[in-house]
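Source file: input-v2.txt (compact mmCIF, C-alpha atoms)
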```txt
# COMPACT_ATOMS: atom_id res chain seq x y z
CA LEU A 8 -19.07 6.45 16.88
CA THR A 9 -18.42 3.43 19.06
CA VAL A 10 -14.70 2.68 19.13
CA HIS A 11 -13.17 -0.68 19.99
CA TRP A 12 -9.40 -0.67 20.25
CA GLN A 13 -7.59 -3.87 19.28
CA GLU A 14 -3.81 -4.06 19.80
CA ALA A 15 -2.26 -6.55 17.37
CA ARG A 16 1.39 -5.98 18.29
CA ARG A 17 1.39 -6.36 22.06
CA GLY A 18 2.32 -9.70 23.58
CA ARG A 19 2.46 -13.26 22.35
CA GLY A 20 -0.67 -14.35 20.57
CA ALA A 21 -1.97 -10.77 20.14
CA LEU A 22 -2.13 -11.06 16.36
CA VAL A 23 -4.11 -14.30 16.48
CA ARG A 24 -6.56 -12.80 18.99
CA THR A 25 -6.96 -9.72 16.79
CA LEU A 26 -7.70 -11.78 13.70
CA ARG A 27 -10.19 -13.92 15.59
CA GLU A 28 -12.06 -10.97 17.10
CA LEU A 29 -12.13 -8.79 13.99
CA ALA A 30 -12.90 -11.42 11.38
CA ARG A 31 -16.69 -11.47 11.95
CA PRO A 32 -17.33 -7.69 12.09
CA LEU A 33 -15.06 -7.12 9.10
CA ARG A 34 -16.85 -9.75 7.01
CA SER A 35 -20.22 -8.13 7.74
CA ALA A 36 -19.10 -4.51 7.32
CA GLU A 37 -20.59 -2.52 4.46
CA ARG A 38 -17.63 -0.12 4.39
CA VAL A 39 -14.12 -0.60 5.75
CA ILE A 40 -11.69 2.29 6.23
CA VAL A 41 -7.95 1.57 6.38
CA GLY A 42 -5.11 3.95 7.17
CA ASP A 43 -1.97 2.21 5.98
CA PRO A 44 -2.25 -0.13 2.98
CA PHE A 45 1.46 -1.01 3.30
CA SER A 46 0.95 -2.43 6.80
CA ARG A 47 1.32 -6.20 6.88
CA TYR A 48 -1.39 -6.29 9.57
CA VAL A 49 -3.80 -4.41 7.33
CA GLN A 50 -2.91 -6.62 4.38
CA LEU A 51 -3.53 -9.73 6.46
CA LEU A 52 -6.92 -8.40 7.56
CA LEU A 53 -7.82 -7.67 3.95
CA THR A 54 -7.48 -11.38 3.18
CA LEU A 55 -10.33 -12.11 5.63
CA PHE A 56 -13.05 -9.94 4.17
CA GLY A 57 -14.32 -8.41 0.96
CA PRO A 58 -16.17 -5.19 1.80
CA ARG A 59 -18.47 -3.65 -0.77
CA HIS A 60 -16.89 -0.25 -0.13
CA LEU A 61 -13.25 0.30 0.84
CA THR A 62 -11.77 3.70 1.75
CA VAL A 63 -8.04 4.31 2.14
CA VAL A 64 -7.53 7.32 4.38
CA ASP A 65 -4.49 9.49 3.74
CA ASP A 66 -1.40 8.12 5.51
CA GLY A 67 0.94 10.87 4.40
CA THR A 68 3.27 10.82 1.42
CA ALA A 69 3.10 7.02 1.38
CA THR A 70 -0.37 7.46 -0.15
CA MET A 71 1.26 8.86 -3.30
CA GLU A 72 3.45 5.78 -3.64
CA PHE A 73 0.56 3.43 -2.88
CA ALA A 74 -1.58 4.88 -5.67
CA ALA A 75 1.33 4.83 -8.13
CA GLN A 76 2.29 1.22 -7.34
CA LEU A 77 -1.31 0.09 -7.56
CA GLY A 78 -1.64 1.77 -10.94
CA ARG A 79 1.54 0.14 -12.24
CA GLY A 80 0.57 -3.27 -10.88
CA GLU A 81 3.68 -3.44 -8.70
CA ARG A 82 4.19 -5.07 -5.31
CA LEU A 83 3.18 -2.84 -2.42
CA VAL A 84 6.54 -1.88 -0.92
CA ARG A 85 7.32 1.26 1.07
CA TRP A 86 9.49 3.64 -0.94
CA HIS A 87 12.43 3.60 1.51
CA ARG A 88 12.65 -0.19 1.62
CA LYS A 89 15.27 -2.03 -0.45
CA GLY A 90 13.49 -5.33 0.04
CA SER A 91 14.00 -7.91 -2.67
CA ALA A 92 11.41 -10.41 -3.79
CA LEU A 93 13.99 -13.05 -2.86
CA ASP A 94 14.18 -11.97 0.79
CA PRO A 95 12.88 -14.78 3.05
CA ARG A 96 10.40 -12.46 4.76
CA GLU A 97 9.11 -11.18 1.43
CA LEU A 98 8.73 -14.73 0.12
CA VAL A 99 6.63 -15.71 3.15
CA LEU A 100 4.42 -12.62 2.94
CA ALA A 101 4.20 -12.45 -0.85
CA PRO A 102 0.88 -14.38 -1.09
CA VAL A 103 -0.72 -12.13 1.56
CA SER A 104 0.51 -8.95 -0.13
CA SER A 105 -0.58 -10.14 -3.56
CA PHE A 106 -4.09 -11.01 -2.35
CA ALA A 107 -4.39 -7.73 -0.44
CA LYS A 108 -3.42 -5.80 -3.57
CA ARG A 109 -6.33 -7.39 -5.41
CA ARG A 110 -8.65 -6.44 -2.54
CA LEU A 111 -7.41 -2.83 -2.81
CA ALA A 112 -8.45 -2.66 -6.45
CA PRO A 113 -12.03 -1.90 -7.52
CA THR A 114 -14.16 -4.64 -9.02
CA ARG A 115 -17.76 -4.92 -10.19
CA GLY A 116 -18.86 -5.63 -6.62
CA ARG A 117 -16.48 -3.33 -4.75
CA THR A 118 -15.77 0.41 -4.83
CA VAL A 119 -12.41 1.81 -3.71
CA GLU A 120 -11.87 5.40 -2.57
CA ILE A 121 -8.74 7.33 -1.57
CA PHE A 122 -9.37 10.23 0.80
CA THR A 123 -6.32 12.51 0.64
CA SER A 124 -4.96 16.03 0.47
CA LEU A 125 -1.98 14.91 -1.61
CA PRO A 126 -1.72 14.73 -5.40
CA VAL A 127 -2.19 11.08 -6.35
CA GLU A 128 -2.29 9.29 -9.67
CA ALA A 129 -5.09 6.87 -8.92
CA PRO A 130 -5.74 3.90 -11.21
CA GLU A 131 -8.87 3.92 -13.30
CA GLY A 132 -11.96 3.08 -11.28
CA ILE A 133 -10.67 4.44 -7.95
CA THR A 134 -12.42 7.53 -6.61
CA VAL A 135 -10.21 10.27 -5.14
CA THR A 136 -11.90 12.49 -2.55
CA GLU A 137 -10.02 15.67 -1.64
CA ASN A 138 -9.31 16.45 1.99
CA SER A 139 -9.30 20.26 2.06
CA PHE A 140 -8.87 20.49 5.86
CA ALA A 141 -12.06 22.55 5.99
CA TRP A 142 -13.13 20.90 9.26
CA THR A 143 -9.76 21.65 10.86
CA ARG A 144 -9.90 25.32 9.84
CA THR A 145 -13.46 25.63 11.12
CA ARG A 146 -12.84 23.82 14.39
CA PHE A 147 -9.50 25.38 15.43
CA GLY A 148 -7.76 28.73 15.26
CA PRO A 149 -6.74 30.95 13.74
CA PRO A 150 -3.49 30.54 15.69
CA ARG A 151 -1.40 33.15 17.43
CA LEU A 152 1.83 33.63 15.47
CA THR A 153 5.24 33.87 17.11
CA GLY A 154 7.97 36.07 15.73
CA GLY A 155 10.37 33.27 14.87
CA ALA A 156 10.28 30.04 12.93
CA ASP A 157 9.59 26.38 13.68
CA LEU A 158 11.37 23.41 12.13
CA VAL A 159 9.62 20.12 11.37
CA GLY A 160 11.74 17.01 11.83
CA THR A 161 11.82 13.84 9.79
CA SER A 162 12.71 10.20 10.37
CA LEU A 163 14.86 9.93 7.21
CA VAL A 164 17.88 9.14 9.38
CA GLU A 165 16.06 6.42 11.31
CA THR A 166 14.74 4.79 8.13
CA GLY A 167 18.27 4.58 6.72
CA VAL A 168 17.84 7.15 3.94
CA VAL A 169 19.93 10.15 5.07
CA GLU A 170 23.31 10.28 6.83
CA ALA A 171 22.99 11.55 10.39
CA GLY A 172 25.92 13.96 10.03
CA HIS A 173 24.41 15.75 7.04
CA TYR A 174 21.04 15.95 8.71
CA ASP A 175 22.37 17.43 11.95
CA ARG A 176 24.43 20.01 10.04
CA VAL A 177 21.53 21.23 7.93
CA VAL A 178 19.14 21.40 10.90
CA GLY A 179 21.65 23.72 12.59
CA GLU A 180 22.03 25.87 9.48
CA LEU A 181 18.28 26.14 8.97
CA ALA A 182 17.78 27.08 12.62
CA ARG A 183 20.35 29.89 12.40
CA THR A 184 19.11 31.17 9.03
CA HIS A 185 15.45 31.39 9.97
CA GLY A 186 15.74 32.16 13.67
CA ALA A 187 13.99 28.94 14.65
CA THR A 188 13.21 28.27 18.28
CA ARG A 189 11.36 24.93 18.18
CA TYR A 190 11.88 21.58 16.51
CA PHE A 191 8.76 19.43 16.08
CA ALA A 192 9.99 15.85 16.17
CA HIS A 193 8.68 13.01 14.05
CA ARG A 194 7.30 10.17 16.16
CA ARG A 195 10.02 7.79 14.88
CA GLU A 196 12.99 10.04 15.62
CA SER A 197 15.38 8.56 18.17
CA ALA A 198 15.86 10.10 21.60
CA GLU A 199 19.63 10.14 21.04
CA LYS A 200 19.34 12.21 17.85
CA LEU A 201 16.85 14.62 19.39
CA HIS A 202 19.08 15.13 22.43
CA ARG A 203 22.01 15.89 20.12
CA ILE A 204 19.94 18.42 18.15
CA ALA A 205 18.76 20.15 21.32
CA VAL A 206 22.29 20.43 22.74
CA GLU A 207 24.02 21.51 19.52
CA THR A 208 21.38 23.96 18.23
CA GLY A 209 19.58 25.19 21.34
CA LEU A 210 16.25 24.32 19.74
CA GLN A 211 13.38 23.32 21.99
CA VAL A 212 12.48 19.78 20.91
CA VAL A 213 8.74 19.11 20.98
CA ARG A 214 7.16 15.69 20.57
CA PRO A 215 3.59 16.49 19.43
CA GLU A 216 0.81 14.42 20.95
CA LEU A 217 -1.53 15.43 18.14
CA PRO A 218 -1.08 15.66 14.37
CA LEU A 219 1.02 18.69 13.49
CA GLU A 220 -1.82 20.16 11.43
CA LEU A 221 -3.91 20.46 14.61
CA ILE A 222 -0.95 21.70 16.67
CA ALA A 223 -0.24 24.42 14.11
CA ARG A 224 -3.87 25.44 13.73
CA ARG A 225 -4.37 25.73 17.48
CA GLY A 226 -1.10 27.65 17.86
CA PRO A 227 1.06 29.29 18.78
CA ILE A 228 3.06 28.65 15.63
CA GLY A 229 6.00 30.41 13.99
CA ARG A 230 5.48 32.83 11.13
CA THR A 231 7.71 30.49 9.13
CA VAL A 232 7.56 26.69 9.21
CA VAL A 233 10.48 24.89 7.57
CA SER A 234 10.28 21.19 6.79
CA PHE A 235 12.15 18.55 4.89
CA PRO A 236 10.17 16.70 2.19
CA SER A 237 7.21 15.24 4.07
CA THR A 238 3.45 15.24 4.29
CA VAL A 239 3.28 18.62 6.02
CA VAL A 240 4.49 20.55 2.95
CA HIS A 241 1.17 19.49 1.42
CA THR A 242 -1.10 19.66 4.45
CA LEU A 243 0.07 22.72 6.40
CA PRO A 244 -0.68 25.20 3.57
CA LEU A 245 -4.26 23.89 3.66
CA ALA A 246 -4.62 23.85 7.43
CA LEU A 247 -3.01 27.30 7.79
CA ALA A 248 -4.64 28.98 4.80
CA GLY A 249 -5.29 32.67 5.45
CA THR A 250 -3.13 32.86 8.58
CA GLY A 251 -0.05 34.44 7.01
CA VAL A 252 2.23 31.53 7.94
CA ARG A 253 4.94 30.87 5.38
CA VAL A 254 5.76 27.20 4.72
CA ALA A 255 9.11 26.23 3.19
CA VAL A 256 10.60 22.89 2.19
CA CYS A 257 14.32 22.12 2.16
CA GLU A 258 15.33 19.73 -0.60
CA ILE A 259 17.37 16.61 0.10
CA ALA A 260 20.69 16.70 -1.77
CA PRO A 261 21.87 13.42 -3.35
CA GLU A 262 25.09 13.56 -1.31
CA TRP A 263 23.10 13.36 1.93
CA LEU A 264 21.81 9.90 1.08
CA ARG A 265 23.34 6.82 2.62
CA ALA A 266 25.01 4.35 0.28
CA THR A 267 22.50 1.75 1.40
CA ALA A 268 19.45 3.93 0.70
CA SER A 269 16.78 2.62 -1.63
CA PRO A 270 17.41 3.50 -5.30
CA ARG A 271 13.92 5.06 -5.32
CA ALA A 272 14.63 7.44 -2.43
CA GLN A 273 15.91 10.49 -4.34
CA GLY A 274 13.17 10.36 -6.94
CA PHE A 275 10.42 9.97 -4.37
CA LEU A 276 11.68 12.80 -2.16
CA SER A 277 12.02 15.08 -5.21
CA ARG A 278 8.44 14.26 -6.19
CA VAL A 279 7.19 15.16 -2.70
CA THR A 280 8.92 18.53 -2.97
CA GLY A 281 7.99 19.15 -6.58
CA THR A 282 4.29 18.52 -6.06
CA ALA A 283 3.96 20.69 -2.93
CA ALA A 284 1.54 23.59 -3.10
CA HIS A 285 2.68 26.49 -5.27
CA GLU A 286 2.81 28.84 -2.29
CA VAL A 287 5.41 26.65 -0.53
CA ASP A 288 8.95 28.09 -0.82
CA ARG A 289 11.63 25.72 -2.09
CA LEU A 290 14.97 25.93 -0.31
CA THR A 291 17.71 24.29 -2.32
CA SER A 292 19.92 21.92 -0.39
CA ARG A 293 23.05 23.47 -1.88
CA THR A 294 22.65 26.49 0.36
CA ALA A 295 21.29 26.52 3.87
CA GLY A 296 23.24 29.50 5.09
CA PRO A 297 22.25 33.18 5.23
CA ALA A 298 18.82 33.96 3.88
CA ASP A 299 20.16 36.09 1.02
CA ARG A 300 21.97 33.01 -0.33
CA LEU A 301 18.99 30.69 -0.24
CA GLU A 302 17.56 29.85 -3.61
CA PHE A 303 13.81 29.68 -4.10
CA GLY A 304 11.96 27.82 -6.81
```

Rewrite the structure from the file as structure tokens, please.
Amino acid sequence: LTVHWQEARRGRGALVRTLRELARPLRSAERVIVGDPFSRYVQLLLTLFGPRHLTVVDDGTATMEFAAQLGRGERLVRWHRKGSALDPRELVLAPVSSFAKRRLAPTRGRTVEIFTSLPVEAPEGITVTENSFAWTRTRFGPPRLTGGADLVGTSLVETGVVEAGHYDRVVGELARTHGATRYFAHRRESAEKLHRIAVETGLQVVRPELPLELIARRGPIGRTVVSFPSTVVHTLPLALAGTGVRVAVCEIAPEWLRATASPRAQGFLSRVTGTAAHEVDRLTSRTAGPADRLEFG
């Protein structure tokens, strides 16, 4: 593949230059692959072309919400946003988002595909292609397993969903319960929070330079991987199939949520946990203490 990198966010006029340079190749493309249908940049680009074949590549748990919103005919809004249709920014971008939503729907002259490892409820006419992580398993590993556990971080604090105090407390309890030694940080987690976690828990904070599925498959990785509701509770069981690694997900209790969190937050996070693979252990958020007090579903 020949790759041309275009940075739309860097510097004044970058977006205009991006639109100008990409308009012609996008209009002539037979197939266009997009990674984040909620991105305003992607939505703006979708107004410039009408490809015959459009593929939406899995962008994590947001893919579940995208498919559901498309099926219900709703505005494309990220699940953690409280944005109102009356917000000035939403009013300005509403025509772009509305047009992009039509471009993301199949028509007589356009096919739409979702390539994902997550359970999605795709609208009629959209093809869902399963990502089984077969290439990843063939290309990497199996990994060397460490004796302890690894924790997977989340940006729920940074996105305004979970209170920082509750999050820090539960990370410490999970680390003690499972004998965790490393904390794999989400790319959006703040340096301040990660420093606090490292100091208070003794965990080694790691900022992965590759997707966690590749990191885990290449190893070394803990015999237990504990995560909050996120994409990895769906993808790691596939990537690590046959390795003996146990994956567990810790539920988010309603009392952890900030008062300003989106009304959809609890339901969405519960759906991420509830639809995880059957072999994933469920750790209830009511107990994160000694292992014999943890409840499994």

Shell around range 116-133 of chain A at 9 Å using only C-alpha atoms, local window under 2 positions removed, as a PyMOL selection string: chain A and resi 57-68+70-75+77-79+110-114+135-140+238+241-242+245+282-283

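In this model, the gap between CA of Arg183 in chain A and CA of Asp157 in chain A comes to 11.4 Å.
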
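For the residues A:Arg115, A:Arg82, A:Arg230, A:His173, ranking by smallest atom-to-atom distance to Pro102 in chain A using all atoms listed in the file places A:Arg82 first.
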
Which of A:Trp12, A:Phe106, A:Trp142, A:Phe275 sits closest to Ser237 in chain A [using only C-alpha atoms]: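 Closest residue, counting only C-alpha atoms: A:Phe275.
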
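The nearest approach to Pro227 in chain A among the residues A:Ala156, A:Ala266, A:Val177, A:Leu210, with only C-alpha atoms taken into account, belongs to A:Ala156.
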
Top pick for closest residue to Arg34 in chain A, considering A:Leu52, A:Glu258, A:Gly20, A:His185 and counting all atoms listed in the file: A:Leu52

Atomic distance CA of Gly167 in chain A - CA of Ile228 in chain A, expressed in Å with one decimal: 29.8 Å

Residues within 12 Å of (16.9, 13.2, -9.1), file coords, all atoms listed in the file, listed as JSON, numbers by chain: {"A": [258, 259, 260, 261, 262, 264, 270, 271, 272, 273, 274, 275, 276, 277, 278, 279, 280, 281]}

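Here CA of Glu81 in chain A stands at a distance of 16.7 Å from CA of Asp43 in chain A.
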
Which residue of A:Ile204, A:Ala248, A:Leu83, A:Val240 approaches Arg109 in chain A most closely, using only C-alpha atoms: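 So, comparing all the options, the nearest one is A:Leu83.
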
For Leu219 in chain A: contacts at 10 Å, only C-alpha atoms, fewer than 4 positions along chain excluded, given as number ranges by chain: A: 159, 191-193, 214-215, 223-225, 239, 242-243, 246

Take the residues just selected and output them with C-alpha atoms as a compact mmCIF listing (two decimals), keeping the file's coordinate frame.
```
# COMPACT_ATOMS: atom_id res chain seq x y z
CA VAL A 159 9.62 20.12 11.37
CA PHE A 191 8.76 19.43 16.08
CA ALA A 192 9.99 15.85 16.17
CA HIS A 193 8.68 13.01 14.05
CA ARG A 214 7.16 15.69 20.57
CA PRO A 215 3.59 16.49 19.43
CA ALA A 223 -0.24 24.42 14.11
CA ARG A 224 -3.87 25.44 13.73
CA ARG A 225 -4.37 25.73 17.48
CA VAL A 239 3.28 18.62 6.02
CA THR A 242 -1.10 19.66 4.45
CA LEU A 243 0.07 22.72 6.40
CA ALA A 246 -4.62 23.85 7.43
```

Exercise: range 16-19 of chain A partners within 12 Å, all atoms listed in the file, chain neighbours under 5 positions left out, as number ranges by chain: A: 24-26, 47-48

Residue nearest Ala198 in chain A - candidates A:Ala182, A:Glu165, A:Gly226, A:Ala30, atoms counted: only C-alpha atoms: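 Smallest distance to Ala198 in chain A is found for A:Glu165.
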
Contacts of Gly155 in chain A within 7 Å, all atoms listed in the file, excl. fewer than 2 positions in-chain, as a list in words: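 Listing them by chain and then by number gives Thr153, Gly186, Ala187, Thr188, Gly229, Arg230 and Thr231 of chain A.
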
Spatial neighbours of Val168 in chain A, max dist 9 Å, only C-alpha atoms, sep filter under 2 positions, as number ranges by chain: A: 87, 162-166, 170, 263-269, 272
